[in-house]
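Listing of entry-v1.txt, compact mmCIF, N, CA and C atoms and all ligand atoms
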# COMPACT_ATOMS: atom_id res chain seq x y z
N MET A 1 -94.00 -73.55 128.74
CA MET A 1 -93.15 -72.63 129.48
C MET A 1 -91.89 -73.34 129.96
N ASN A 2 -90.77 -72.64 129.87
CA ASN A 2 -89.51 -73.23 130.30
C ASN A 2 -89.41 -73.29 131.82
N ASP A 3 -89.02 -74.44 132.29
CA ASP A 3 -88.81 -74.64 133.72
C ASP A 3 -87.30 -74.55 133.96
N LEU A 4 -86.83 -73.39 134.39
CA LEU A 4 -85.39 -73.18 134.57
C LEU A 4 -84.97 -73.53 135.99
N VAL A 5 -83.83 -74.21 136.08
CA VAL A 5 -83.32 -74.61 137.40
C VAL A 5 -81.85 -74.23 137.51
N GLN A 6 -81.41 -74.13 138.76
CA GLN A 6 -79.99 -73.90 139.04
C GLN A 6 -79.36 -75.22 139.45
N LEU A 7 -78.07 -75.33 139.19
CA LEU A 7 -77.34 -76.54 139.53
C LEU A 7 -76.25 -76.23 140.54
N THR A 8 -75.82 -77.27 141.22
CA THR A 8 -74.72 -77.10 142.16
C THR A 8 -73.77 -78.28 142.04
N VAL A 9 -72.49 -78.03 142.29
CA VAL A 9 -71.48 -79.09 142.25
C VAL A 9 -70.97 -79.34 143.67
N ASP A 10 -70.98 -80.60 144.07
CA ASP A 10 -70.38 -80.98 145.34
C ASP A 10 -68.87 -81.10 145.11
N GLU A 11 -68.14 -80.13 145.62
CA GLU A 11 -66.70 -80.08 145.34
C GLU A 11 -65.95 -81.27 145.93
N ASP A 12 -66.51 -81.90 146.93
CA ASP A 12 -65.85 -83.08 147.50
C ASP A 12 -66.03 -84.31 146.63
N ARG A 13 -67.05 -84.27 145.78
CA ARG A 13 -67.30 -85.42 144.91
C ARG A 13 -66.71 -85.23 143.51
N CYS A 14 -66.50 -83.99 143.10
CA CYS A 14 -66.03 -83.73 141.74
C CYS A 14 -64.63 -84.31 141.55
N ILE A 15 -64.46 -85.08 140.46
CA ILE A 15 -63.16 -85.68 140.17
C ILE A 15 -62.54 -85.05 138.91
N GLY A 16 -63.12 -83.94 138.47
CA GLY A 16 -62.50 -83.13 137.43
C GLY A 16 -62.46 -83.72 136.04
N VAL A 17 -63.38 -84.61 135.73
CA VAL A 17 -63.40 -85.23 134.41
C VAL A 17 -63.78 -84.22 133.32
N GLY A 18 -64.64 -83.29 133.66
CA GLY A 18 -64.99 -82.22 132.72
C GLY A 18 -66.17 -82.51 131.82
N GLN A 19 -66.87 -83.59 132.07
CA GLN A 19 -68.03 -83.92 131.24
C GLN A 19 -69.08 -82.81 131.29
N CYS A 20 -69.25 -82.23 132.45
CA CYS A 20 -70.26 -81.17 132.60
C CYS A 20 -69.91 -79.96 131.73
N GLU A 21 -68.64 -79.60 131.72
CA GLU A 21 -68.22 -78.44 130.93
C GLU A 21 -68.36 -78.73 129.44
N LEU A 22 -68.12 -79.97 129.05
CA LEU A 22 -68.30 -80.34 127.65
C LEU A 22 -69.76 -80.22 127.25
N LEU A 23 -70.65 -80.69 128.12
CA LEU A 23 -72.08 -80.67 127.81
C LEU A 23 -72.66 -79.26 127.87
N GLU A 24 -72.26 -78.50 128.87
CA GLU A 24 -72.85 -77.16 129.11
C GLU A 24 -71.74 -76.15 129.44
N PRO A 25 -70.98 -75.74 128.43
CA PRO A 25 -69.82 -74.88 128.69
C PRO A 25 -70.18 -73.49 129.23
N GLU A 26 -71.43 -73.09 129.09
CA GLU A 26 -71.79 -71.77 129.62
C GLU A 26 -72.25 -71.84 131.07
N VAL A 27 -72.38 -73.06 131.57
CA VAL A 27 -72.87 -73.23 132.95
C VAL A 27 -71.75 -73.70 133.88
N PHE A 28 -70.85 -74.55 133.36
CA PHE A 28 -69.80 -75.12 134.21
C PHE A 28 -68.43 -74.62 133.77
N CYS A 29 -67.58 -74.40 134.76
CA CYS A 29 -66.22 -73.95 134.48
C CYS A 29 -65.27 -74.80 135.31
N LEU A 30 -64.45 -75.55 134.62
CA LEU A 30 -63.47 -76.41 135.30
C LEU A 30 -62.24 -75.56 135.61
N SER A 31 -61.89 -75.50 136.88
CA SER A 31 -60.76 -74.67 137.30
C SER A 31 -59.44 -75.27 136.84
N ASP A 32 -58.57 -74.44 136.29
CA ASP A 32 -57.22 -74.90 135.91
C ASP A 32 -56.38 -75.17 137.14
N GLU A 33 -56.73 -74.53 138.24
CA GLU A 33 -55.88 -74.65 139.44
C GLU A 33 -56.15 -75.92 140.23
N ASP A 34 -57.42 -76.19 140.50
CA ASP A 34 -57.69 -77.37 141.34
C ASP A 34 -58.50 -78.43 140.60
N THR A 35 -58.74 -78.23 139.30
CA THR A 35 -59.53 -79.16 138.47
C THR A 35 -60.85 -79.59 139.12
N ILE A 36 -61.47 -78.62 139.76
CA ILE A 36 -62.82 -78.81 140.28
C ILE A 36 -63.76 -77.96 139.42
N SER A 37 -64.90 -78.53 139.10
CA SER A 37 -65.88 -77.80 138.30
C SER A 37 -66.77 -76.94 139.20
N ARG A 38 -67.04 -75.74 138.73
CA ARG A 38 -67.94 -74.86 139.48
C ARG A 38 -69.00 -74.30 138.54
N VAL A 39 -70.14 -73.99 139.13
CA VAL A 39 -71.23 -73.42 138.34
C VAL A 39 -71.00 -71.92 138.22
N VAL A 40 -71.12 -71.43 137.00
CA VAL A 40 -71.00 -69.99 136.74
C VAL A 40 -72.12 -69.26 137.48
N ASP A 41 -71.77 -68.15 138.13
CA ASP A 41 -72.75 -67.38 138.91
C ASP A 41 -74.00 -67.07 138.09
N GLY A 42 -75.14 -67.41 138.64
CA GLY A 42 -76.41 -67.04 138.02
C GLY A 42 -76.83 -67.91 136.86
N ALA A 43 -76.04 -68.96 136.54
CA ALA A 43 -76.37 -69.79 135.38
C ALA A 43 -77.58 -70.67 135.67
N VAL A 44 -78.45 -70.78 134.67
CA VAL A 44 -79.64 -71.64 134.78
C VAL A 44 -79.76 -72.47 133.51
N LEU A 45 -80.46 -73.58 133.64
CA LEU A 45 -80.73 -74.47 132.50
C LEU A 45 -82.17 -74.92 132.56
N ASP A 46 -82.72 -75.25 131.39
CA ASP A 46 -84.05 -75.85 131.49
C ASP A 46 -83.91 -77.25 132.08
N ARG A 47 -84.96 -77.72 132.68
CA ARG A 47 -84.88 -78.92 133.52
C ARG A 47 -84.39 -80.14 132.76
N ALA A 48 -84.77 -80.30 131.51
CA ALA A 48 -84.35 -81.49 130.76
C ALA A 48 -82.84 -81.50 130.57
N ARG A 49 -82.28 -80.35 130.21
CA ARG A 49 -80.82 -80.28 130.03
C ARG A 49 -80.12 -80.43 131.37
N ALA A 50 -80.71 -79.88 132.41
CA ALA A 50 -80.11 -80.00 133.74
C ALA A 50 -80.04 -81.47 134.16
N LEU A 51 -81.11 -82.20 133.92
CA LEU A 51 -81.11 -83.61 134.31
C LEU A 51 -80.12 -84.40 133.47
N ALA A 52 -79.94 -84.02 132.21
CA ALA A 52 -78.96 -84.72 131.36
C ALA A 52 -77.55 -84.52 131.90
N VAL A 53 -77.24 -83.33 132.35
CA VAL A 53 -75.89 -83.08 132.86
C VAL A 53 -75.71 -83.72 134.23
N VAL A 54 -76.75 -83.77 135.03
CA VAL A 54 -76.69 -84.48 136.32
C VAL A 54 -76.36 -85.96 136.06
N GLU A 55 -77.05 -86.55 135.10
CA GLU A 55 -76.84 -87.97 134.80
C GLU A 55 -75.50 -88.21 134.12
N GLY A 56 -74.97 -87.18 133.46
CA GLY A 56 -73.69 -87.33 132.75
C GLY A 56 -72.47 -87.28 133.65
N CYS A 57 -72.64 -86.80 134.86
CA CYS A 57 -71.49 -86.72 135.77
C CYS A 57 -71.13 -88.12 136.26
N PRO A 58 -69.87 -88.52 136.05
CA PRO A 58 -69.49 -89.90 136.41
C PRO A 58 -69.41 -90.14 137.92
N ASN A 59 -69.41 -89.08 138.71
CA ASN A 59 -69.28 -89.30 140.16
C ASN A 59 -70.43 -88.68 140.96
N MET A 60 -71.55 -88.46 140.29
CA MET A 60 -72.77 -87.95 140.95
C MET A 60 -72.47 -86.71 141.79
N ALA A 61 -71.71 -85.79 141.21
CA ALA A 61 -71.33 -84.58 141.94
C ALA A 61 -72.26 -83.42 141.69
N ILE A 62 -73.15 -83.55 140.69
CA ILE A 62 -74.01 -82.42 140.31
C ILE A 62 -75.44 -82.68 140.78
N SER A 63 -76.05 -81.66 141.31
CA SER A 63 -77.47 -81.80 141.67
C SER A 63 -78.21 -80.52 141.34
N VAL A 64 -79.52 -80.68 141.20
CA VAL A 64 -80.40 -79.54 140.97
C VAL A 64 -80.67 -78.89 142.32
N LYS A 65 -80.54 -77.56 142.36
CA LYS A 65 -80.83 -76.84 143.59
C LYS A 65 -82.33 -76.88 143.87
N ALA A 66 -82.66 -77.12 145.12
CA ALA A 66 -84.07 -77.19 145.48
C ALA A 66 -84.72 -75.83 145.36
S1 LIG Z 1 -68.79 -84.08 135.30
FE1 LIG Z 1 -68.90 -84.26 137.55
S2 LIG Z 1 -66.90 -85.03 138.16
FE2 LIG Z 1 -66.71 -84.26 136.08
S3 LIG Z 1 -65.99 -82.15 136.32
FE3 LIG Z 1 -68.22 -82.10 136.17
S4 LIG Z 1 -68.93 -82.15 138.30
FE4 LIG Z 1 -66.81 -82.82 138.30
Would you mind writing the structure in this file as structure tokens?
Ligand code: SF4
Amino acid sequence: MNDLVQLTVDEDRCIGVGQCELLEPEVFCLSDEDTISRVVDGAVLDRARALAVVEGCPNMAISVKA
């Protein structure tokens, strides 16, 4: 069974590199205005992919919602 989780971006930590959007373009959207990444409303990922994107963020800005 798929274990789906939600993710969150700490906007104070995001440095706008865009790695998250590259890895999961349907979950993350990098704003053209402030170059901060935000999670698309209602987006979920299975836990393995979520952990991969958490680890891929160069500034530890992404976390799994409890
Ligand atoms: S990978 Fe991390 S620092 Fe880069 S845009 Fe995504 S949340 Fe921000």
Throw together the list of residues within 5 Å of ligand LIG 1 (chain Z), counting all atoms listed in the file, and drop it here as a short mmCIF file (atom, residue, chain, number, x, y, z; two decimals) with N, CA and C atoms, in the coordinates of the input.
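Written output follows (pocket-v8.cif):
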data_model
loop_
_atom_site.label_atom_id
_atom_site.label_comp_id
_atom_site.auth_asym_id
_atom_site.auth_seq_id
_atom_site.Cartn_x
_atom_site.Cartn_y
_atom_site.Cartn_z
N CYS A 14 -66.50 -83.99 143.10
CA CYS A 14 -66.03 -83.73 141.74
C CYS A 14 -64.63 -84.31 141.55
N ILE A 15 -64.46 -85.08 140.46
CA ILE A 15 -63.16 -85.68 140.17
C ILE A 15 -62.54 -85.05 138.91
N GLY A 16 -63.12 -83.94 138.47
CA GLY A 16 -62.50 -83.13 137.43
C GLY A 16 -62.46 -83.72 136.04
N VAL A 17 -63.38 -84.61 135.73
CA VAL A 17 -63.40 -85.23 134.41
C VAL A 17 -63.78 -84.22 133.32
N GLY A 18 -64.64 -83.29 133.66
CA GLY A 18 -64.99 -82.22 132.72
C GLY A 18 -66.17 -82.51 131.82
N GLN A 19 -66.87 -83.59 132.07
CA GLN A 19 -68.03 -83.92 131.24
C GLN A 19 -69.08 -82.81 131.29
N CYS A 20 -69.25 -82.23 132.45
CA CYS A 20 -70.26 -81.17 132.60
C CYS A 20 -69.91 -79.96 131.73
N SER A 37 -64.90 -78.53 139.10
CA SER A 37 -65.88 -77.80 138.30
C SER A 37 -66.77 -76.94 139.20
N CYS A 57 -72.64 -86.80 134.86
CA CYS A 57 -71.49 -86.72 135.77
C CYS A 57 -71.13 -88.12 136.26
N PRO A 58 -69.87 -88.52 136.05
CA PRO A 58 -69.49 -89.90 136.41
C PRO A 58 -69.41 -90.14 137.92
N ASN A 59 -69.41 -89.08 138.71
CA ASN A 59 -69.28 -89.30 140.16
C ASN A 59 -70.43 -88.68 140.96
N ALA A 61 -71.71 -85.79 141.21
CA ALA A 61 -71.33 -84.58 141.94
C ALA A 61 -72.26 -83.42 141.69
#
Among chain A, which ones does DSSP assign to strand (DSSP E) (computed from the backbone)? Answer as a PDB file with N, CA and C atoms, in the frame of the given file.
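Output contents, as saved in out_8.pdb:
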ATOM      1  N   LEU A   4     -86.830 -73.390 134.390  1.00  0.00           N
ATOM      2  CA  LEU A   4     -85.390 -73.180 134.570  1.00  0.00           C
ATOM      3  C   LEU A   4     -84.970 -73.530 135.990  1.00  0.00           C
ATOM      4  N   VAL A   5     -83.830 -74.210 136.080  1.00  0.00           N
ATOM      5  CA  VAL A   5     -83.320 -74.610 137.400  1.00  0.00           C
ATOM      6  C   VAL A   5     -81.850 -74.230 137.510  1.00  0.00           C
ATOM      7  N   LEU A   7     -78.070 -75.330 139.190  1.00  0.00           N
ATOM      8  CA  LEU A   7     -77.340 -76.540 139.530  1.00  0.00           C
ATOM      9  C   LEU A   7     -76.250 -76.230 140.540  1.00  0.00           C
ATOM     10  N   THR A   8     -75.820 -77.270 141.220  1.00  0.00           N
ATOM     11  CA  THR A   8     -74.720 -77.100 142.160  1.00  0.00           C
ATOM     12  C   THR A   8     -73.770 -78.280 142.040  1.00  0.00           C
ATOM     13  N   VAL A   9     -72.490 -78.030 142.290  1.00  0.00           N
ATOM     14  CA  VAL A   9     -71.480 -79.090 142.250  1.00  0.00           C
ATOM     15  C   VAL A   9     -70.970 -79.340 143.670  1.00  0.00           C
ATOM     16  N   PHE A  28     -70.850 -74.550 133.360  1.00  0.00           N
ATOM     17  CA  PHE A  28     -69.800 -75.120 134.210  1.00  0.00           C
ATOM     18  C   PHE A  28     -68.430 -74.620 133.770  1.00  0.00           C
ATOM     19  N   CYS A  29     -67.580 -74.400 134.760  1.00  0.00           N
ATOM     20  CA  CYS A  29     -66.220 -73.950 134.480  1.00  0.00           C
ATOM     21  C   CYS A  29     -65.270 -74.800 135.310  1.00  0.00           C
ATOM     22  N   LEU A  30     -64.450 -75.550 134.620  1.00  0.00           N
ATOM     23  CA  LEU A  30     -63.470 -76.410 135.300  1.00  0.00           C
ATOM     24  C   LEU A  30     -62.240 -75.560 135.610  1.00  0.00           C
ATOM     25  N   SER A  37     -64.900 -78.530 139.100  1.00  0.00           N
ATOM     26  CA  SER A  37     -65.880 -77.800 138.300  1.00  0.00           C
ATOM     27  C   SER A  37     -66.770 -76.940 139.200  1.00  0.00           C
ATOM     28  N   ARG A  38     -67.040 -75.740 138.730  1.00  0.00           N
ATOM     29  CA  ARG A  38     -67.940 -74.860 139.480  1.00  0.00           C
ATOM     30  C   ARG A  38     -69.000 -74.300 138.540  1.00  0.00           C
ATOM     31  N   VAL A  39     -70.140 -73.990 139.130  1.00  0.00           N
ATOM     32  CA  VAL A  39     -71.230 -73.420 138.340  1.00  0.00           C
ATOM     33  C   VAL A  39     -71.000 -71.920 138.220  1.00  0.00           C
ATOM     34  N   LEU A  45     -80.460 -73.580 133.640  1.00  0.00           N
ATOM     35  CA  LEU A  45     -80.730 -74.470 132.500  1.00  0.00           C
ATOM     36  C   LEU A  45     -82.170 -74.920 132.560  1.00  0.00           C
ATOM     37  N   ASP A  46     -82.720 -75.250 131.390  1.00  0.00           N
ATOM     38  CA  ASP A  46     -84.050 -75.850 131.490  1.00  0.00           C
ATOM     39  C   ASP A  46     -83.910 -77.250 132.080  1.00  0.00           C
ATOM     40  N   ILE A  62     -73.150 -83.550 140.690  1.00  0.00           N
ATOM     41  CA  ILE A  62     -74.010 -82.420 140.310  1.00  0.00           C
ATOM     42  C   ILE A  62     -75.440 -82.680 140.780  1.00  0.00           C
ATOM     43  N   SER A  63     -76.050 -81.660 141.310  1.00  0.00           N
ATOM     44  CA  SER A  63     -77.470 -81.800 141.670  1.00  0.00           C
ATOM     45  C   SER A  63     -78.210 -80.520 141.340  1.00  0.00           C
ATOM     46  N   VAL A  64     -79.520 -80.680 141.200  1.00  0.00           N
ATOM     47  CA  VAL A  64     -80.400 -79.540 140.970  1.00  0.00           C
ATOM     48  C   VAL A  64     -80.670 -78.890 142.320  1.00  0.00           C
TER      49      VAL A  64
END
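Coordinates place CA of Glu55 (chain A) at a distance of 20.2 Å from atom C of Gly42 (chain A).
Residue neighbourhood of Val39 (chain A), excluding near-sequence residues (fewer than 4 positions): A:Leu7, A:Thr8, A:Val9, A:Val27, A:Phe28, A:Cys29, A:Ala43, at 7 Å, using only N, CA and C atoms.
As for atom N of Gln6 (chain A) and atom N of Ala66 (chain A), they are spaced 7.1 Å apart.
Among the candidate residues A:Leu30, A:Leu23, A:Leu4, A:Ile36, the one lying nearest to Val53 (chain A) is A:Leu23, with distances computed using all atoms listed in the file.
Closest approach to Glu26 (chain A) among A:Ala52, A:Val40, A:Val64, A:Val5: A:Val40, based on only N, CA and C atoms.
Checking A:Glu33, A:Glu11, A:Glu24, A:Asp46 one by one against Ile62 (chain A), counting only N, CA and C atoms, you find the shortest gap at A:Glu11.
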Hey, could you pull the box centre and edge lengths for region 2-11 of chain A, axis-aligned, 6 Å padding per side, all listed atoms, to one decimal in Å, as lines of an AutoDock Vina configuration file?
center_x = -78.4
center_y = -77.0
center_z = 137.9
size_x = 36.8
size_y = 20.6
size_z = 28.1
Quote the spacing between CA of Val44 (chain A) and CA of Asn2 (chain A) in Å to one decimal place. 11.0 Å
List the neighbours of Asp3 (chain A) out to 7 Å using all atoms listed in the file; skip same-chain residues closer than 5 positions along the sequence, and give me the result as a ChimeraX atom specification. /A:45-48
Selection to disk with N, CA and C atoms, as a tab-separated table (two decimals), keeping the file's coordinate frame:
chain	number	residue	atom	x	y	z
A	45	LEU	N	-80.46	-73.58	133.64
A	45	LEU	CA	-80.73	-74.47	132.50
A	45	LEU	C	-82.17	-74.92	132.56
A	46	ASP	N	-82.72	-75.25	131.39
A	46	ASP	CA	-84.05	-75.85	131.49
A	46	ASP	C	-83.91	-77.25	132.08
A	47	ARG	N	-84.96	-77.72	132.68
A	47	ARG	CA	-84.88	-78.92	133.52
A	47	ARG	C	-84.39	-80.14	132.76
A	48	ALA	N	-84.77	-80.30	131.51
A	48	ALA	CA	-84.35	-81.49	130.76
A	48	ALA	C	-82.84	-81.50	130.57
Which residue is closest to Arg13 (chain A)? Choose from A:Asp32, A:Lys65, A:Met60, A:Pro25 and count all atoms listed in the file. A:Met60
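Per DSSP on the backbone, alpha helix (DSSP H) in chain A comprises Gln19, Cys20, Glu21, Leu22, Leu23, Arg47, Ala48, Arg49, Ala50, Leu51, Ala52, Val53, Val54, Glu55 and Gly56 of chain A.
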